[in-house]
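Q: Submitted below is the structure of interest, expressed as structure tokens.
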Amino acid sequence: MLFRSGSVAILGRPNAGKSTLMNYIVGQKVAIVSNKPQTTRRTLLGVANRPGAQIAFYDTPGIHEPHSKLGKVMVDFAVQTLPDADAALFVVDVSKPPTDEDKHIARLLKSFGFERVVVVLNKMDRLRPEYVQSNYDEYEELTKPAQMMMTSAITGENLDKVLDLLVPLLPESPPLFDDPDFYTSQTVRDMASELIREQVLHNTREEVPHGVAVQIEEWEEPQHGNTSEIIRISALIVVERESQKPILIGKKGQMLKKIGTAARVQIESLIGAHVFLELFVKVGEHWRDSSVRLKELGLSE
Ligand SMILES: Nc1nc2c(ncn2[C@@H]2O[C@H](COP(=O)(O)OP(=O)(O)O)[C@@H](O)[C@H]2O)c(=O)[nH]1
Ligand SMILES: [Mg+2]
């Protein structure tokens, strides 16, 4: 039987729904999701297997006008996935007309070749009937002759059709990854720290989310012969300013406790074991503009 396998870069502006879409297709929580822009900070691999095809998706940070070193690194990460990709998914928020960022990405993709691009008109569940035609036309004008599909990454509507458009663009090849259970290259430590950051994003507002990084400090597996099955994890939440510390800790530590409990439940379901999670908050002045800190946090090369 003919088998196709290849890599697909998922590009789009912040908040279009790229990570939600990849998670749905892969069937696993590969990338954390939030309603704050710039949630995804590095390119994340998510592998989807279906009869006759294997697709290696690369979910990227949203392409935007960067205001910090981190922002610049993130945009570079996104753009760098393109030369190695067999095809690209351009995810847009169809409930709104194209923005300057969408236009910028469209120009970038033009040099890649629109015949290898599928445009995902996402958030169709939010598209008001009176804008269906005009928004559709504007995105079509911007990206023709790329194929387009209206989707909802939340309900999964039409995501199977996106795959139907995508698979024929991939080369004939055996699977790139042999192990059918393999779905991401992230370590469980990486994923645990991301799950903690996701809870910070969910529970804080305004300037805090962008300025937060999470670092796993200790990860202690239960000793052999020990009756306790608990994995002890301690993690550091790095904020940019002293004023953000009390926000994260909350009154009598309530906020940190809430974040910790929610993250622990997620980490337990990820690794299938009981977890004791301890969180600390530390100020790392202007870490987003420090090359050294970005490297320490694994956010740049
Ligand atoms: N209504 C609606 N919301 C969506 C859809 N896809 C994603 N979202 C929401 O949009 C926000 C950003 O999603 P995310 O996947 O993090 O976007 P990314 O920055 O492009 O990776 C989150 O709050 C998602 O729940 C969709 O199809 N419909
Ligand atoms: Mg994302």
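Identifiers in this document derive from the order of the structure tokens: chains are assigned A, B, ..., residues are numbered from 1 separately in each chain, and ligands are numbered from 1 in order of occurrence.
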Please identify every residue of chain A that has at least one atom no farther than 6 Å from an atom of ligand 1, counting only C-alpha atoms and all ligand atoms, and for each give the shortest atom pair and the distance in Å to one decimal, arranged by chain then increasing number, as a Markdown table.
A:
| residue | atom | partner | partner_atom_place_in_ligand_line | distance |
| --- | --- | --- | --- | --- |
| A:Pro14 | CA | ligand 1 | 19 (O) | 4.2 |
| A:Asn15 | CA | ligand 1 | 19 (O) | 3.4 |
| A:Ala16 | CA | ligand 1 | 20 (O) | 3.9 |
| A:Gly17 | CA | ligand 1 | 17 (O) | 3.3 |
| A:Lys18 | CA | ligand 1 | 20 (O) | 3.7 |
| A:Ser19 | CA | ligand 1 | 15 (O) | 3.7 |
| A:Thr20 | CA | ligand 1 | 15 (O) | 3.7 |
| A:Val33 | CA | ligand 1 | 16 (O) | 3.7 |
| A:Ser34 | CA | ligand 1 | 22 (C) | 4.6 |
| A:Asn35 | CA | ligand 1 | 23 (O) | 3.5 |
| A:Pro37 | CA | ligand 1 | 19 (O) | 5.6 |
| A:Gln38 | CA | ligand 1 | 19 (O) | 5.8 |
| A:Thr39 | CA | ligand 1 | 19 (O) | 5.8 |
| A:Gly62 | CA | ligand 1 | 19 (O) | 5.8 |
| A:Asn122 | CA | ligand 1 | 27 (O) | 5.1 |
| A:Lys123 | CA | ligand 1 | 27 (O) | 3.4 |
| A:Asp125 | CA | ligand 1 | 28 (N) | 5.7 |
| A:Arg126 | CA | ligand 1 | 1 (N) | 5.5 |
| A:Ser152 | CA | ligand 1 | 27 (O) | 3.3 |
| A:Ala153 | CA | ligand 1 | 27 (O) | 3.9 |
| A:Ile154 | CA | ligand 1 | 27 (O) | 4.7 |
Q: What does the file look like for those residues with N, CA, C and O atoms, as a short mmCIF file (atom, residue, chain, number, x, y, z; two decimals), in the first residue's frame?
A:
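Contents of the output file part_37.cif:
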data_model
loop_
_atom_site.label_atom_id
_atom_site.label_comp_id
_atom_site.auth_asym_id
_atom_site.auth_seq_id
_atom_site.Cartn_x
_atom_site.Cartn_y
_atom_site.Cartn_z
N PRO A 14 -0.09 34.75 16.80
CA PRO A 14 -0.42 34.26 18.13
C PRO A 14 -1.93 34.11 18.33
O PRO A 14 -2.70 34.92 17.82
N ASN A 15 -2.33 33.05 19.03
CA ASN A 15 -3.73 32.87 19.42
C ASN A 15 -4.68 32.38 18.32
O ASN A 15 -5.88 32.34 18.55
N ALA A 16 -4.16 32.03 17.16
CA ALA A 16 -5.04 31.58 16.08
C ALA A 16 -5.62 30.19 16.37
O ALA A 16 -6.65 29.80 15.81
N GLY A 17 -4.93 29.43 17.26
CA GLY A 17 -5.42 28.09 17.59
C GLY A 17 -4.49 26.99 17.09
O GLY A 17 -4.91 25.82 17.01
N LYS A 18 -3.24 27.32 16.80
CA LYS A 18 -2.29 26.34 16.26
C LYS A 18 -2.09 25.15 17.20
O LYS A 18 -2.14 24.00 16.79
N SER A 19 -1.85 25.45 18.48
CA SER A 19 -1.56 24.36 19.42
C SER A 19 -2.80 23.51 19.69
O SER A 19 -2.72 22.29 19.78
N THR A 20 -3.95 24.17 19.80
CA THR A 20 -5.20 23.44 20.01
C THR A 20 -5.44 22.46 18.86
O THR A 20 -5.80 21.29 19.07
N VAL A 33 -2.00 25.28 26.01
CA VAL A 33 -2.89 26.20 25.31
C VAL A 33 -3.38 27.24 26.29
O VAL A 33 -3.64 26.93 27.45
N SER A 34 -3.49 28.49 25.85
CA SER A 34 -4.17 29.48 26.69
C SER A 34 -4.72 30.58 25.82
O SER A 34 -4.43 30.65 24.63
N ASN A 35 -5.53 31.43 26.43
CA ASN A 35 -6.10 32.54 25.66
C ASN A 35 -5.13 33.73 25.63
O ASN A 35 -5.47 34.78 25.14
N PRO A 37 -1.71 35.47 24.18
CA PRO A 37 -0.82 35.27 23.04
C PRO A 37 0.56 34.81 23.50
O PRO A 37 0.94 35.02 24.65
N GLN A 38 1.30 34.20 22.59
CA GLN A 38 2.68 33.76 22.86
C GLN A 38 2.80 32.71 23.95
O GLN A 38 3.72 32.73 24.77
N THR A 39 1.83 31.80 23.96
CA THR A 39 1.87 30.69 24.91
C THR A 39 2.95 29.68 24.51
O THR A 39 3.69 29.19 25.36
N GLY A 62 3.74 31.77 17.75
CA GLY A 62 3.04 32.69 16.83
C GLY A 62 3.99 33.74 16.27
O GLY A 62 4.86 34.24 16.97
N ASN A 122 -9.64 28.85 11.03
CA ASN A 122 -10.03 28.28 12.32
C ASN A 122 -11.00 29.20 13.08
O ASN A 122 -11.18 30.35 12.71
N LYS A 123 -11.57 28.68 14.12
CA LYS A 123 -12.56 29.39 14.95
C LYS A 123 -13.84 29.70 14.17
O LYS A 123 -14.45 30.74 14.35
N ASP A 125 -16.53 28.43 14.62
CA ASP A 125 -17.64 28.48 15.58
C ASP A 125 -17.90 29.90 16.07
O ASP A 125 -18.95 30.21 16.63
N ARG A 126 -16.92 30.79 15.87
CA ARG A 126 -17.07 32.17 16.30
C ARG A 126 -17.37 33.14 15.17
O ARG A 126 -17.47 34.34 15.38
N SER A 152 -12.98 24.14 13.33
CA SER A 152 -12.96 24.53 14.73
C SER A 152 -12.03 23.56 15.45
O SER A 152 -12.31 22.36 15.52
N ALA A 153 -10.93 24.09 15.94
CA ALA A 153 -9.95 23.22 16.60
C ALA A 153 -10.46 22.77 17.96
O ALA A 153 -9.96 21.81 18.54
N ILE A 154 -11.48 23.46 18.48
CA ILE A 154 -12.04 23.07 19.78
C ILE A 154 -12.97 21.88 19.63
O ILE A 154 -12.88 20.91 20.37
#
Q: At a cut-off of 12 Å, using only C-alpha atoms, what residues contact A:Ala78? Leave out same-chain residues fewer than 4 positions from it and give the result as an mmCIF file with C-alpha atoms, in the first residue's frame.
A:
data_model
loop_
_atom_site.group_PDB
_atom_site.id
_atom_site.type_symbol
_atom_site.label_atom_id
_atom_site.label_comp_id
_atom_site.auth_asym_id
_atom_site.auth_seq_id
_atom_site.Cartn_x
_atom_site.Cartn_y
_atom_site.Cartn_z
ATOM 1 C CA ALA A 9 5.048 23.320 9.817
ATOM 2 C CA ILE A 10 2.087 24.904 11.594
ATOM 3 C CA LEU A 11 2.375 28.671 11.269
ATOM 4 C CA GLY A 12 0.143 31.571 12.168
ATOM 5 C CA ARG A 13 -0.170 34.610 14.355
ATOM 6 C CA PRO A 14 -0.418 34.262 18.134
ATOM 7 C CA LYS A 18 -2.288 26.342 16.265
ATOM 8 C CA GLN A 38 2.676 33.762 22.858
ATOM 9 C CA THR A 40 4.028 28.430 22.726
ATOM 10 C CA ARG A 41 7.681 29.387 23.096
ATOM 11 C CA ARG A 42 9.525 26.813 21.052
ATOM 12 C CA THR A 43 8.777 24.523 18.166
ATOM 13 C CA LEU A 44 7.098 21.334 19.364
ATOM 14 C CA TYR A 58 5.827 21.176 14.070
ATOM 15 C CA ASP A 59 3.756 23.562 16.166
ATOM 16 C CA THR A 60 5.511 26.924 16.281
ATOM 17 C CA PRO A 61 5.389 30.100 18.356
ATOM 18 C CA GLY A 62 3.045 32.690 16.832
ATOM 19 C CA ILE A 63 4.674 35.066 14.382
ATOM 20 C CA HIS A 64 4.448 38.617 15.706
ATOM 21 C CA GLY A 71 10.098 37.284 21.325
ATOM 22 C CA LYS A 72 12.740 37.447 18.617
ATOM 23 C CA VAL A 73 14.010 33.937 19.369
ATOM 24 C CA MET A 74 10.420 32.653 19.238
ATOM 25 C CA LEU A 82 9.765 26.222 7.061
ATOM 26 C CA PRO A 83 12.804 25.288 4.929
ATOM 27 C CA ASP A 84 12.748 21.705 6.257
ATOM 28 C CA ALA A 85 8.996 21.216 5.973
ATOM 29 C CA ALA A 88 2.697 23.998 5.836
ATOM 30 C CA PHE A 90 -1.317 28.372 7.834
ATOM 31 C CA ILE A 105 3.003 35.388 7.210
ATOM 32 C CA LEU A 108 6.635 34.484 4.015
ATOM 33 C CA LEU A 109 4.679 31.469 2.771
#
Q: Within 9 Å of stretch 197-213 of chain A, counting only C-alpha atoms, which residues show up once you throw out same-chain ones fewer than 6 positions away? Write them as number ranges by chain, please.
A: A: 32-39, 236-241, 244, 247-248, 255-256, 258-260, 262-263, 286-288, 297
Q: Just give me the gap between atom CA of A:Leu89 and atom CA of A:Val118 in Å, one decimal is fine.
A: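 Interatomic distance here is 5.0 Å.
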Q: Considering only strand (DSSP E or B) as DSSP defines it on the backbone, what residues of stretch 154-300 of chain A qualify? List them as a ChimeraX atom specification.
A: /A:157,172,213-220,231-239,275-283
Q: Keeping only C-alpha atoms, take the residues you just selected and write them out as a JSON list (two decimals), in the first residue's frame.
A:
[["chain", "number", "residue", "atom", "x", "y", "z"],
["A", 157, "GLU", "CA", -14.89, 20.05, 13.07],
["A", 172, "GLU", "CA", 5.87, 8.80, -0.58],
["A", 213, "ALA", "CA", 9.31, 30.81, 32.98],
["A", 214, "VAL", "CA", 9.30, 27.48, 34.79],
["A", 215, "GLN", "CA", 12.35, 25.42, 35.63],
["A", 216, "ILE", "CA", 12.25, 21.92, 37.13],
["A", 217, "GLU", "CA", 14.78, 21.87, 39.98],
["A", 218, "GLU", "CA", 14.37, 18.34, 41.32],
["A", 219, "TRP", "CA", 12.71, 15.20, 40.05],
["A", 220, "GLU", "CA", 13.02, 12.32, 42.45],
["A", 231, "ILE", "CA", 7.46, 11.16, 42.52],
["A", 232, "ARG", "CA", 8.74, 14.32, 44.18],
["A", 233, "ILE", "CA", 9.08, 17.28, 41.88],
["A", 234, "SER", "CA", 10.19, 20.74, 42.81],
["A", 235, "ALA", "CA", 9.97, 23.58, 40.33],
["A", 236, "LEU", "CA", 10.93, 27.20, 40.19],
["A", 237, "ILE", "CA", 8.61, 29.80, 38.71],
["A", 238, "VAL", "CA", 10.75, 32.68, 37.48],
["A", 239, "VAL", "CA", 9.07, 36.08, 37.25],
["A", 275, "VAL", "CA", 3.24, 13.32, 42.39],
["A", 276, "PHE", "CA", 4.28, 15.57, 45.23],
["A", 277, "LEU", "CA", 4.78, 18.98, 43.64],
["A", 278, "GLU", "CA", 6.54, 21.83, 45.36],
["A", 279, "LEU", "CA", 6.65, 25.27, 43.75],
["A", 280, "PHE", "CA", 8.93, 28.22, 44.47],
["A", 281, "VAL", "CA", 8.84, 31.72, 43.03],
["A", 282, "LYS", "CA", 11.99, 33.62, 42.17],
["A", 283, "VAL", "CA", 12.68, 36.96, 40.51]]
Q: If we count only C-alpha atoms, what is near stretch 268-270 of chain A at a cut-off of 9 Å, once residues fewer than 6 positions away on the same chain are taken out, given as a VMD selection string?
A: chain A and resid 29 188 191 to 192
Q: With N, CA and C atoms kept, could you save the residues just selected as a PDB file, in the first residue's frame?
A:
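Here's the written file out_30.pdb:
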ATOM      1  N   LYS A  29      -2.001  15.846  24.548  1.00  0.00           N
ATOM      2  CA  LYS A  29      -1.678  17.235  24.863  1.00  0.00           C
ATOM      3  C   LYS A  29      -0.181  17.451  24.680  1.00  0.00           C
ATOM      4  N   VAL A 188       9.444  14.153  29.577  1.00  0.00           N
ATOM      5  CA  VAL A 188       8.348  14.370  30.538  1.00  0.00           C
ATOM      6  C   VAL A 188       8.647  15.569  31.439  1.00  0.00           C
ATOM      7  N   MET A 191       7.563  18.592  29.595  1.00  0.00           N
ATOM      8  CA  MET A 191       6.104  18.685  29.551  1.00  0.00           C
ATOM      9  C   MET A 191       5.538  19.064  30.918  1.00  0.00           C
ATOM     10  N   ALA A 192       6.155  18.547  31.972  1.00  0.00           N
ATOM     11  CA  ALA A 192       5.699  18.902  33.320  1.00  0.00           C
ATOM     12  C   ALA A 192       5.898  20.393  33.565  1.00  0.00           C
TER      13      ALA A 192
END
Q: Just the residues within 9 Å of stretch 147-149 of chain A, please, counting only C-alpha atoms, with nothing from its chain fewer than 2 positions along; format it as a ChimeraX atom specification.
A: /A:114-122,139-140,143-145,151,158-159,161-162,165
Q: Pull the alpha helix (DSSP H) assignments for stretch 22-214 of chain A out of DSSP run on the backbone, and list those residues as a ChimeraX atom specification.
A: /A:22-26,69-80,100-112,132-143,159-166,188-203,207-210
Q: Of the residues A:Arg4, A:Lys245, A:Lys252, A:Lys96, which is the one nearest to A:Glu285, using only C-alpha atoms?
A: A:Lys245
Q: Pick from A:Gly253, A:Asp137, A:Val94, A:Asn23: nearest to A:Met124, with only C-alpha atoms counted?
A: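 Closest to A:Met124, using only C-alpha atoms: A:Val94.
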Q: Which one is closest to A:Leu299: A:Val167, A:Val132, A:Leu70, A:Leu142? Count only C-alpha atoms.
A: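 So, comparing all the options, the nearest one is A:Leu70.
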Q: Rounded to one decimal place, report the atom CA of A:Phe77-atom CA of A:Tyr183 distance in Å.
A: 20.0 Å
